[in-house]
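Everything below belongs to protein_38.cif, which stores mmCIF, C-alpha atoms.
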```cif
data_data
#
loop_
_atom_site.group_PDB
_atom_site.id
_atom_site.type_symbol
_atom_site.label_atom_id
_atom_site.label_comp_id
_atom_site.auth_asym_id
_atom_site.auth_seq_id
_atom_site.Cartn_x
_atom_site.Cartn_y
_atom_site.Cartn_z
ATOM 1 C CA MET Q 1 120.680 109.977 143.908
ATOM 2 C CA SER Q 2 120.710 106.197 143.846
ATOM 3 C CA LEU Q 3 118.855 104.166 141.207
ATOM 4 C CA SER Q 4 116.357 102.816 143.724
ATOM 5 C CA SER Q 5 115.372 106.250 145.008
ATOM 6 C CA LEU Q 6 115.115 107.495 141.413
ATOM 7 C CA LEU Q 7 112.785 104.598 140.559
ATOM 8 C CA MET Q 8 110.808 105.168 143.738
ATOM 9 C CA SER Q 9 110.259 108.843 142.951
ATOM 10 C CA PHE Q 10 109.148 107.881 139.442
ATOM 11 C CA CYS Q 11 106.636 105.447 140.986
ATOM 12 C CA GLU Q 12 105.412 108.130 143.376
ATOM 13 C CA TRP Q 13 105.006 110.598 140.522
ATOM 14 C CA ALA Q 14 102.983 108.089 138.421
ATOM 15 C CA ASP Q 15 100.951 107.073 141.461
ATOM 16 C CA SER Q 16 99.919 110.655 142.227
ATOM 17 C CA SER Q 17 99.424 111.727 138.590
ATOM 18 C CA PHE Q 18 95.892 112.496 137.409
ATOM 19 C CA PHE Q 19 95.722 109.281 135.325
ATOM 20 C CA GLY Q 20 97.091 107.147 138.153
ATOM 21 C CA HIS Q 21 94.439 108.654 140.410
ATOM 22 C CA GLY Q 22 91.709 108.371 137.806
ATOM 23 C CA ILE Q 23 92.330 104.701 137.015
ATOM 24 C CA ARG Q 24 92.662 103.774 140.696
ATOM 25 C CA ASN Q 25 89.411 105.476 141.661
ATOM 26 C CA SER Q 26 87.368 104.119 138.762
ATOM 27 C CA VAL Q 27 85.715 100.700 138.827
ATOM 28 C CA TRP Q 28 85.869 100.134 135.063
ATOM 29 C CA LEU Q 29 88.930 102.047 133.808
ATOM 30 C CA PHE Q 30 91.456 99.427 134.935
ATOM 31 C CA PRO Q 31 89.717 96.473 133.213
ATOM 32 C CA PHE Q 32 89.044 98.737 130.205
ATOM 33 C CA VAL Q 33 92.773 99.473 129.771
ATOM 34 C CA GLU Q 34 93.500 95.797 130.458
ATOM 35 C CA ILE Q 35 91.404 94.818 127.428
ATOM 36 C CA PHE Q 36 93.763 96.809 125.167
ATOM 37 C CA HIS Q 37 96.716 95.202 126.946
ATOM 38 C CA LEU Q 38 95.252 91.734 126.276
ATOM 39 C CA LEU Q 39 94.380 92.413 122.623
ATOM 40 C CA ALA Q 40 97.873 93.754 121.974
ATOM 41 C CA LEU Q 41 99.270 90.702 123.802
ATOM 42 C CA ALA Q 42 97.499 88.487 121.273
ATOM 43 C CA VAL Q 43 98.948 90.343 118.267
ATOM 44 C CA LEU Q 44 102.449 90.757 119.709
ATOM 45 C CA GLY Q 45 102.530 87.135 120.860
ATOM 46 C CA GLY Q 46 101.116 85.919 117.546
ATOM 47 C CA THR Q 47 103.724 87.728 115.461
ATOM 48 C CA VAL Q 48 106.585 86.713 117.774
ATOM 49 C CA LEU Q 49 105.389 83.090 117.653
ATOM 50 C CA ILE Q 50 104.987 82.857 113.891
ATOM 51 C CA LEU Q 51 108.366 84.462 113.218
ATOM 52 C CA ASN Q 52 110.108 82.137 115.656
ATOM 53 C CA LEU Q 53 108.257 79.094 114.310
ATOM 54 C CA ARG Q 54 109.642 80.081 110.888
ATOM 55 C CA LEU Q 55 113.175 80.359 112.301
ATOM 56 C CA LEU Q 56 112.737 76.905 113.829
ATOM 57 C CA GLY Q 57 111.622 75.596 110.427
ATOM 58 C CA ILE Q 58 108.201 74.529 111.682
ATOM 59 C CA ARG Q 59 105.927 76.964 109.776
ATOM 60 C CA PHE Q 60 106.165 78.887 106.476
ATOM 61 C CA GLN Q 61 109.151 76.779 105.412
ATOM 62 C CA ARG Q 62 108.758 77.843 101.792
ATOM 63 C CA GLU Q 63 108.992 81.517 102.700
ATOM 64 C CA ARG Q 64 112.138 83.498 103.183
ATOM 65 C CA VAL Q 65 112.599 84.506 106.818
ATOM 66 C CA SER Q 66 113.233 88.125 105.855
ATOM 67 C CA ASP Q 67 110.019 88.294 103.762
ATOM 68 C CA LEU Q 68 107.909 87.014 106.622
ATOM 69 C CA ALA Q 69 109.703 89.309 109.076
ATOM 70 C CA ARG Q 70 108.988 92.343 106.863
ATOM 71 C CA ASP Q 71 105.318 91.365 106.688
ATOM 72 C CA VAL Q 72 104.739 90.959 110.406
ATOM 73 C CA GLN Q 73 107.059 93.698 111.707
ATOM 74 C CA PRO Q 74 104.626 96.635 111.478
ATOM 75 C CA TRP Q 75 102.058 94.663 113.504
ATOM 76 C CA MET Q 76 104.672 93.526 115.981
ATOM 77 C CA ARG Q 77 105.905 97.099 116.560
ATOM 78 C CA GLY Q 78 102.408 98.544 116.668
ATOM 79 C CA SER Q 79 101.197 96.026 119.218
ATOM 80 C CA LEU Q 80 104.349 96.535 121.302
ATOM 81 C CA VAL Q 81 103.587 100.259 121.449
ATOM 82 C CA VAL Q 82 100.006 99.509 122.585
ATOM 83 C CA MET Q 83 101.406 97.096 125.186
ATOM 84 C CA LEU Q 84 103.835 99.682 126.550
ATOM 85 C CA VAL Q 85 101.298 102.518 126.665
ATOM 86 C CA SER Q 86 98.458 100.448 128.188
ATOM 87 C CA GLY Q 87 100.945 98.762 130.530
ATOM 88 C CA PHE Q 88 102.201 102.122 131.732
ATOM 89 C CA PHE Q 89 98.657 103.253 132.540
ATOM 90 C CA LEU Q 90 97.930 100.028 134.436
ATOM 91 C CA PHE Q 91 101.215 100.478 136.311
ATOM 92 C CA SER Q 92 100.444 104.109 137.169
ATOM 93 C CA SER Q 93 97.318 103.139 139.098
ATOM 94 C CA GLU Q 94 99.363 101.127 141.595
ATOM 95 C CA SER Q 95 102.965 102.064 140.894
ATOM 96 C CA VAL Q 96 104.156 102.433 144.483
ATOM 97 C CA LYS Q 97 102.775 98.949 145.186
ATOM 98 C CA MET Q 98 104.509 97.673 142.005
ATOM 99 C CA TYR Q 99 107.860 99.020 143.228
ATOM 100 C CA GLY Q 100 107.979 96.281 145.837
ATOM 101 C CA ASN Q 101 106.371 93.566 143.697
ATOM 102 C CA GLY Q 102 108.937 90.870 142.835
ATOM 103 C CA ALA Q 103 107.021 89.603 139.798
ATOM 104 C CA PHE Q 104 106.791 93.129 138.413
ATOM 105 C CA ARG Q 105 110.563 93.578 138.735
ATOM 106 C CA VAL Q 106 111.200 90.265 136.976
ATOM 107 C CA LYS Q 107 108.784 91.352 134.241
ATOM 108 C CA MET Q 108 110.506 94.698 133.691
ATOM 109 C CA VAL Q 109 113.975 93.129 133.484
ATOM 110 C CA SER Q 110 112.687 90.440 131.068
ATOM 111 C CA LEU Q 111 110.915 93.115 129.039
ATOM 112 C CA VAL Q 112 114.031 95.247 128.627
ATOM 113 C CA LEU Q 113 116.066 92.167 127.645
ATOM 114 C CA ALA Q 114 113.345 90.940 125.247
ATOM 115 C CA ILE Q 115 113.066 94.316 123.508
ATOM 116 C CA LEU Q 116 116.839 94.758 123.261
ATOM 117 C CA PHE Q 117 117.278 91.249 121.880
ATOM 118 C CA THR Q 118 114.351 91.541 119.435
ATOM 119 C CA PHE Q 119 115.579 94.767 117.863
ATOM 120 C CA THR Q 120 119.261 93.879 117.706
ATOM 121 C CA LEU Q 121 120.458 90.277 117.362
ATOM 122 C CA HIS Q 122 117.069 88.704 116.582
ATOM 123 C CA ARG Q 123 116.389 91.331 113.950
ATOM 124 C CA LYS Q 124 119.807 90.749 112.437
ATOM 125 C CA VAL Q 125 119.110 87.017 112.168
ATOM 126 C CA THR Q 126 115.661 87.475 110.604
ATOM 127 C CA MET Q 127 116.640 90.211 108.159
ATOM 128 C CA SER Q 128 119.949 88.854 106.898
ATOM 129 C CA ASP Q 129 120.470 86.697 103.853
ATOM 130 C CA GLU Q 130 119.629 83.151 104.789
ATOM 131 C CA ALA Q 131 122.866 81.737 103.392
ATOM 132 C CA GLN Q 132 124.839 83.853 105.843
ATOM 133 C CA VAL Q 133 123.229 82.600 109.030
ATOM 134 C CA SER Q 134 123.612 78.980 110.035
ATOM 135 C CA PRO Q 135 120.424 77.081 110.957
ATOM 136 C CA LEU Q 136 121.838 76.625 114.440
ATOM 137 C CA TRP Q 137 122.028 80.386 115.043
ATOM 138 C CA ARG Q 138 118.523 80.820 113.664
ATOM 139 C CA LYS Q 139 117.153 78.202 116.034
ATOM 140 C CA LEU Q 140 119.097 79.617 118.975
ATOM 141 C CA ALA Q 141 117.734 83.101 118.279
ATOM 142 C CA ALA Q 142 114.194 81.695 118.111
ATOM 143 C CA VAL Q 143 114.504 79.792 121.391
ATOM 144 C CA LEU Q 144 116.025 82.774 123.201
ATOM 145 C CA SER Q 145 113.276 85.066 121.897
ATOM 146 C CA LEU Q 146 110.568 82.622 123.006
ATOM 147 C CA VAL Q 147 112.165 82.247 126.452
ATOM 148 C CA LEU Q 148 112.467 86.012 126.980
ATOM 149 C CA TRP Q 149 108.936 86.852 125.819
ATOM 150 C CA SER Q 150 107.458 83.932 127.790
ATOM 151 C CA GLY Q 151 109.260 85.311 130.825
ATOM 152 C CA VAL Q 152 107.589 88.675 130.293
ATOM 153 C CA GLY Q 153 104.153 87.052 129.934
ATOM 154 C CA LEU Q 154 104.470 84.671 132.873
ATOM 155 C CA ALA Q 155 105.917 87.291 135.207
ATOM 156 C CA GLY Q 156 103.154 89.664 134.080
ATOM 157 C CA ARG Q 157 100.499 87.113 134.986
ATOM 158 C CA ALA Q 158 102.234 86.536 138.318
ATOM 159 C CA ILE Q 159 102.000 90.227 139.299
ATOM 160 C CA GLY Q 160 98.403 89.806 140.402
ATOM 161 C CA ILE Q 161 99.094 86.545 142.238
ATOM 162 C CA VAL Q 162 102.218 87.121 144.351
ATOM 163 C CA MET B 1 67.103 68.419 134.944
ATOM 164 C CA SER B 2 67.067 72.176 134.506
ATOM 165 C CA VAL B 3 70.242 74.079 133.671
ATOM 166 C CA ILE B 4 70.409 75.750 137.066
ATOM 167 C CA ARG B 5 69.949 72.474 138.912
ATOM 168 C CA PHE B 6 72.681 70.904 136.824
ATOM 169 C CA LEU B 7 75.001 73.833 137.622
ATOM 170 C CA HIS B 8 74.282 73.512 141.340
ATOM 171 C CA TRP B 9 75.059 69.805 141.097
ATOM 172 C CA LEU B 10 78.297 70.611 139.228
ATOM 173 C CA ASN B 11 79.128 73.264 141.803
ATOM 174 C CA ASP B 12 79.030 70.630 144.571
ATOM 175 C CA THR B 13 81.148 68.008 142.809
ATOM 176 C CA THR B 14 84.580 67.294 144.287
ATOM 177 C CA PHE B 15 86.121 68.479 141.024
ATOM 178 C CA SER B 16 84.451 71.877 141.198
ATOM 179 C CA ILE B 17 85.299 72.272 144.879
ATOM 180 C CA THR B 18 88.937 71.376 144.215
ATOM 181 C CA MET B 19 89.154 73.910 141.354
ATOM 182 C CA ARG B 20 87.686 76.551 143.645
ATOM 183 C CA ASP B 21 89.603 75.867 146.838
ATOM 184 C CA SER B 22 93.023 74.980 145.469
ATOM 185 C CA THR B 23 95.537 77.811 145.745
ATOM 186 C CA TRP B 24 97.150 77.063 142.401
ATOM 187 C CA ALA B 25 94.549 75.417 140.154
ATOM 188 C CA GLU B 26 92.691 78.577 139.177
ATOM 189 C CA PRO B 27 95.711 80.892 138.650
ATOM 190 C CA VAL B 28 97.560 78.211 136.639
ATOM 191 C CA VAL B 29 94.561 77.432 134.414
ATOM 192 C CA GLU B 30 93.800 81.133 133.973
ATOM 193 C CA THR B 31 97.418 81.858 133.039
ATOM 194 C CA ILE B 32 97.269 79.173 130.341
ATOM 195 C CA HIS B 33 93.904 80.567 129.156
ATOM 196 C CA VAL B 34 95.258 84.121 128.896
ATOM 197 C CA LEU B 35 98.659 83.355 127.381
ATOM 198 C CA THR B 36 97.153 81.014 124.770
ATOM 199 C CA LEU B 37 95.546 84.187 123.394
ATOM 200 C CA THR B 38 98.899 84.763 121.686
ATOM 201 C CA LEU B 39 98.593 81.519 119.723
ATOM 202 C CA PHE B 40 94.874 81.415 119.082
ATOM 203 C CA LEU B 41 93.892 85.058 118.763
ATOM 204 C CA GLY B 42 97.284 86.191 117.433
ATOM 205 C CA PHE B 43 97.051 83.723 114.544
ATOM 206 C CA THR B 44 93.357 84.532 113.977
ATOM 207 C CA VAL B 45 94.215 88.230 113.675
ATOM 208 C CA LEU B 46 97.066 87.457 111.233
ATOM 209 C CA LEU B 47 94.670 85.393 109.101
ATOM 210 C CA ASP B 48 92.019 88.125 109.177
ATOM 211 C CA LEU B 49 94.661 90.690 108.201
ATOM 212 C CA ARG B 50 95.557 88.556 105.179
ATOM 213 C CA LEU B 51 91.881 88.317 104.216
ATOM 214 C CA LEU B 52 91.709 92.111 104.486
ATOM 215 C CA GLY B 53 94.853 92.469 102.363
ATOM 216 C CA LEU B 54 96.657 94.246 105.204
ATOM 217 C CA SER B 55 99.451 91.740 105.790
ATOM 218 C CA MET B 56 101.276 88.977 103.902
ATOM 219 C CA ARG B 57 99.732 90.210 100.666
ATOM 220 C CA ARG B 58 102.256 88.489 98.412
ATOM 221 C CA ARG B 59 101.376 85.099 99.844
ATOM 222 C CA ARG B 60 98.382 83.062 98.755
ATOM 223 C CA ALA B 61 95.524 83.331 101.237
ATOM 224 C CA SER B 62 95.203 79.539 101.161
ATOM 225 C CA GLU B 63 98.886 79.147 102.048
ATOM 226 C CA VAL B 64 98.620 81.599 104.965
ATOM 227 C CA MET B 65 95.523 79.749 106.149
ATOM 228 C CA GLY B 66 97.243 76.363 105.859
ATOM 229 C CA GLU B 67 100.295 77.584 107.794
ATOM 230 C CA LEU B 68 98.293 79.256 110.562
ATOM 231 C CA ASN B 69 95.471 76.746 110.954
ATOM 232 C CA PRO B 70 97.239 73.998 112.976
ATOM 233 C CA GLY B 71 98.420 76.476 115.648
ATOM 234 C CA LEU B 72 95.113 78.297 115.580
ATOM 235 C CA MET B 73 93.114 75.082 116.052
ATOM 236 C CA GLY B 74 95.470 73.793 118.745
ATOM 237 C CA GLY B 75 95.206 77.146 120.508
ATOM 238 C CA PHE B 76 91.414 77.044 120.263
ATOM 239 C CA LEU B 77 91.337 73.586 121.822
ATOM 240 C CA VAL B 78 93.460 74.816 124.760
ATOM 241 C CA MET B 79 91.161 77.848 125.141
ATOM 242 C CA ILE B 80 88.070 75.618 125.264
ATOM 243 C CA VAL B 81 89.561 73.117 127.733
ATOM 244 C CA THR B 82 90.928 75.788 130.099
ATOM 245 C CA GLY B 83 87.741 77.833 129.698
ATOM 246 C CA VAL B 84 85.574 74.852 130.680
ATOM 247 C CA LEU B 85 87.850 74.211 133.691
ATOM 248 C CA LEU B 86 87.497 77.836 134.834
ATOM 249 C CA PHE B 87 83.728 77.582 134.394
ATOM 250 C CA CYS B 88 83.643 74.382 136.485
ATOM 251 C CA GLY B 89 85.361 76.222 139.337
ATOM 252 C CA ASP B 90 82.347 78.506 139.808
ATOM 253 C CA PRO B 91 79.528 77.432 137.454
ATOM 254 C CA VAL B 92 76.589 79.168 139.146
ATOM 255 C CA ALA B 93 78.363 82.529 139.406
ATOM 256 C CA PHE B 94 79.504 82.296 135.760
ATOM 257 C CA TYR B 95 75.995 81.472 134.625
ATOM 258 C CA ASN B 96 74.612 84.453 136.543
ATOM 259 C CA SER B 97 77.083 86.867 134.925
ATOM 260 C CA ILE B 98 75.602 88.738 131.974
ATOM 261 C CA PHE B 99 79.113 89.018 130.479
ATOM 262 C CA PHE B 100 79.427 85.240 130.418
ATOM 263 C CA LYS B 101 76.152 84.889 128.510
ATOM 264 C CA VAL B 102 77.155 87.619 126.065
ATOM 265 C CA LYS B 103 80.550 85.952 125.585
ATOM 266 C CA MET B 104 78.982 82.548 124.862
ATOM 267 C CA LEU B 105 76.564 84.097 122.381
ATOM 268 C CA MET B 106 79.413 85.866 120.586
ATOM 269 C CA LEU B 107 81.488 82.669 120.517
ATOM 270 C CA LEU B 108 78.549 81.024 118.772
ATOM 271 C CA LEU B 109 78.372 83.890 116.278
ATOM 272 C CA ALA B 110 82.133 83.671 115.655
ATOM 273 C CA GLY B 111 81.702 79.948 114.944
ATOM 274 C CA LEU B 112 78.809 80.691 112.563
ATOM 275 C CA ASN B 113 80.993 83.260 110.812
ATOM 276 C CA VAL B 114 83.725 80.654 110.203
ATOM 277 C CA TRP B 115 81.128 78.155 108.963
ATOM 278 C CA LEU B 116 79.587 80.724 106.632
ATOM 279 C CA PHE B 117 83.002 81.700 105.275
ATOM 280 C CA ASN B 118 83.963 78.082 104.611
ATOM 281 C CA ALA B 119 80.603 77.347 102.997
ATOM 282 C CA THR B 120 80.708 80.328 100.617
ATOM 283 C CA VAL B 121 83.705 82.455 99.615
ATOM 284 C CA GLY B 122 86.199 80.193 101.398
ATOM 285 C CA ARG B 123 85.185 77.233 99.240
ATOM 286 C CA LYS B 124 86.163 79.107 96.112
ATOM 287 C CA MET B 125 89.457 80.284 97.581
ATOM 288 C CA ALA B 126 91.468 78.793 94.708
ATOM 289 C CA GLU B 127 89.847 81.350 92.390
ATOM 290 C CA TRP B 128 91.023 84.383 94.326
ATOM 291 C CA ASP B 129 93.807 83.399 96.672
ATOM 292 C CA ILE B 130 96.655 84.730 94.482
ATOM 293 C CA ASP B 131 95.097 88.209 94.384
ATOM 294 C CA SER B 132 96.380 90.682 96.925
ATOM 295 C CA VAL B 133 92.905 92.264 96.791
ATOM 296 C CA THR B 134 90.466 89.778 98.313
ATOM 297 C CA PRO B 135 86.713 89.603 97.553
ATOM 298 C CA GLY B 136 84.397 91.830 99.563
ATOM 299 C CA SER B 137 82.716 88.905 101.264
ATOM 300 C CA ALA B 138 86.081 87.575 102.498
ATOM 301 C CA LYS B 139 86.835 91.040 103.898
ATOM 302 C CA ALA B 140 83.427 91.140 105.550
ATOM 303 C CA ALA B 141 84.087 87.773 107.218
ATOM 304 C CA ALA B 142 87.442 89.093 108.495
ATOM 305 C CA VAL B 143 85.880 92.276 109.901
ATOM 306 C CA VAL B 144 83.097 90.306 111.613
ATOM 307 C CA SER B 145 85.722 87.964 113.071
ATOM 308 C CA LEU B 146 87.882 90.832 114.395
ATOM 309 C CA VAL B 147 84.928 92.701 115.912
ATOM 310 C CA LEU B 148 83.590 89.562 117.590
ATOM 311 C CA TRP B 149 86.963 88.539 119.034
ATOM 312 C CA VAL B 150 87.637 92.006 120.432
ATOM 313 C CA ALA B 151 84.209 91.876 122.092
ATOM 314 C CA ILE B 152 84.825 88.309 123.316
ATOM 315 C CA VAL B 153 88.110 89.347 124.984
ATOM 316 C CA ALA B 154 86.355 92.359 126.538
ATOM 317 C CA ALA B 155 83.488 90.219 127.829
ATOM 318 C CA GLY B 156 85.961 87.629 129.137
ATOM 319 C CA ARG B 157 87.833 90.296 131.059
ATOM 320 C CA ALA B 158 84.555 91.668 132.414
ATOM 321 C CA ILE B 159 83.505 88.224 133.704
ATOM 322 C CA ALA B 160 86.421 88.217 136.144
ATOM 323 C CA TYR B 161 85.388 91.652 137.415
ATOM 324 C CA SER B 162 81.714 90.814 137.740
ATOM 325 C CA LEU B 163 82.153 87.550 139.655
ATOM 326 C CA PRO B 164 81.776 87.872 143.421
ATOM 327 C CA PRO B 165 85.190 87.594 145.121
ATOM 328 C CA PRO B 166 85.978 84.081 146.453
#
```
The structure given in the file should be rewritten as structure tokens.
Amino acid sequence: MSLSSLLMSFCEWADSSFFGHGIRNSVWLFPFVEIFHLLALAVLGGTVLILNLRLLGIRFQRERVSDLARDVQPWMRGSLVVMLVSGFFLFSSESVKMYGNGAFRVKMVSLVLAILFTFTLHRKVTMSDEAQVSPLWRKLAAVLSLVLWSGVGLAGRAIGIV
Amino acid sequence: MSVIRFLHWLNDTTFSITMRDSTWAEPVVETIHVLTLTLFLGFTVLLDLRLLGLSMRRRRASEVMGELNPGLMGGFLVMIVTGVLLFCGDPVAFYNSIFFKVKMLMLLLAGLNVWLFNATVGRKMAEWDIDSVTPGSAKAAAVVSLVLWVAIVAAGRAIAYSLPPP
């Protein structure tokens, strides 16, 4: 089975599931789930922004990066979980349509890259002893994180437009 | 001039017509409005969490506020400007939406909440801002803020669904 047919059958399964059906056939369920998606966007985006602004040396300069990272991480992870769950439900209501949506594909690729980067290299930079990471690497990690997450957000907004 | 007459006048201005008829104006402005939630609302939530003692406890509340405020204020300004632009694109329909009226009322209440906080417990922040446990009135202000902003986002989302399609 090729990857594309595997993805397509996943989309068909979600599309015909009871929640996919339910959300599609309800007037208010889709916007209701979207509200959770938007609220979690605010918290995820806020924590990503503040952490990266610290790495860039723009905010919380007197704080250690790792201290700030420890403080915001539970909220970042929690909001990411809400994003993924609410996003999956939104997707399920029109998943076969999403399969062919270019913006959706760009969003999913950016999302996978953003998550992988956030929990590996970016995490390493924020959690390690500041003396061990050069300011250049810190700034590079911040810029890359901002680019990847912006890509997710912009492509997400584009889904409804293209 | 009555409000409704003013809105009809606004609706017929070249600016309003351009906002409405342009393919890109509305989606671009709306994208900025929605994504600025990360800056404005994200930072507001972080500040409220500090006031509730749920995040950044080891930092002074005044320091957290000072670090978050510039981004928060800048974000708020962008929200207002883009919000007004979206309103100008379809002023009569916005005005007729109950969700729009509810949202405006709650925005006013959120502003009152900030004013009340600054005028009372916020003014004496130096007395309590080292404590990880904040005063009850500061917590109350944070809860009111969170509840109102959740409702404001919900009402904002509902506006788009209640407007007649273009």
Nearby residues (all atoms listed in the file) at most 8 Å from Leu51 of chain B, same-chain spacing under 5 positions excluded, as a VMD selection string
chain B and resid 61 134 138 to 139 142
For the structure provided, state which residues fall under the PyMOL selection byres ((chain B) within 7 of (chain Q)), and present them as a ChimeraX atom specification.
/B:31,37-39,41-43,45,55-56,67,153-154,157
Taking C-alpha atoms for each residue, export the selection above as a tab-separated table (two decimals), in the frame of the given file.
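Dumped everything to again-v9.tsv:
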```tsv
chain	number	residue	atom	x	y	z
B	31	THR	CA	97.42	81.86	133.04
B	37	LEU	CA	95.55	84.19	123.39
B	38	THR	CA	98.90	84.76	121.69
B	39	LEU	CA	98.59	81.52	119.72
B	41	LEU	CA	93.89	85.06	118.76
B	42	GLY	CA	97.28	86.19	117.43
B	43	PHE	CA	97.05	83.72	114.54
B	45	VAL	CA	94.22	88.23	113.68
B	55	SER	CA	99.45	91.74	105.79
B	56	MET	CA	101.28	88.98	103.90
B	67	GLU	CA	100.30	77.58	107.79
B	153	VAL	CA	88.11	89.35	124.98
B	154	ALA	CA	86.36	92.36	126.54
B	157	ARG	CA	87.83	90.30	131.06
```
Please check which residues have atoms at most 9 Å from (99.0, 101.5, 140.8) in the file's coordinates, counting all atoms listed in the file, and write them as a ChimeraX atom specification.
/Q:11,14-15,20-21,23-24,89-98
Restricting the output to C-alpha atoms, write the selected residues as a PDB file, in the coordinates of the input.
```pdb
ATOM      1  CA  CYS Q  11     106.636 105.447 140.986  1.00  0.00           C
ATOM      2  CA  ALA Q  14     102.983 108.089 138.421  1.00  0.00           C
ATOM      3  CA  ASP Q  15     100.951 107.073 141.461  1.00  0.00           C
ATOM      4  CA  GLY Q  20      97.091 107.147 138.153  1.00  0.00           C
ATOM      5  CA  HIS Q  21      94.439 108.654 140.410  1.00  0.00           C
ATOM      6  CA  ILE Q  23      92.330 104.701 137.015  1.00  0.00           C
ATOM      7  CA  ARG Q  24      92.662 103.774 140.696  1.00  0.00           C
ATOM      8  CA  PHE Q  89      98.657 103.253 132.540  1.00  0.00           C
ATOM      9  CA  LEU Q  90      97.930 100.028 134.436  1.00  0.00           C
ATOM     10  CA  PHE Q  91     101.215 100.478 136.311  1.00  0.00           C
ATOM     11  CA  SER Q  92     100.444 104.109 137.169  1.00  0.00           C
ATOM     12  CA  SER Q  93      97.318 103.139 139.098  1.00  0.00           C
ATOM     13  CA  GLU Q  94      99.363 101.127 141.595  1.00  0.00           C
ATOM     14  CA  SER Q  95     102.965 102.064 140.894  1.00  0.00           C
ATOM     15  CA  VAL Q  96     104.156 102.433 144.483  1.00  0.00           C
ATOM     16  CA  LYS Q  97     102.775  98.949 145.186  1.00  0.00           C
ATOM     17  CA  MET Q  98     104.509  97.673 142.005  1.00  0.00           C
TER      18      MET Q  98
END
```
With 3 Å on each side, where is the centre of the axis-aligned box around all listed atoms of segment 53-72 of chain Q, and how long are its edges in Å to one decimal, as JSON?
```
{"center_x": 109.0, "center_y": 83.4, "center_z": 108.1, "size_x": 14.5, "size_y": 23.8, "size_z": 18.5}
```
Might you spell out which residues the PyMOL selection byres ((chain B and resi 125-132) around 7) would select in the displayed file, as a PyMOL selection string?
chain B and resi 53+57-58+60-62+121-124+133-134
Two-atom distance - atom CA of Leu7 of chain B, atom CA of Ser162 of chain B (Å)
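Atom-to-atom, atom CA of Leu7 of chain B and atom CA of Ser162 of chain B are spaced 18.3 Å apart.
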For a quick check of your reading of the model, name the residues lying within 12 Å of the coordinate (110.1, 80.7, 123.5), counting all atoms listed in the file, and write them as a count of residues only.
27
Between atom CA of His37 of chain Q and atom CA of Gly87 of chain Q - distance in Å to one decimal
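Atom-to-atom, atom CA of Gly87 of chain Q to atom CA of His37 of chain Q, that is 6.6 Å.
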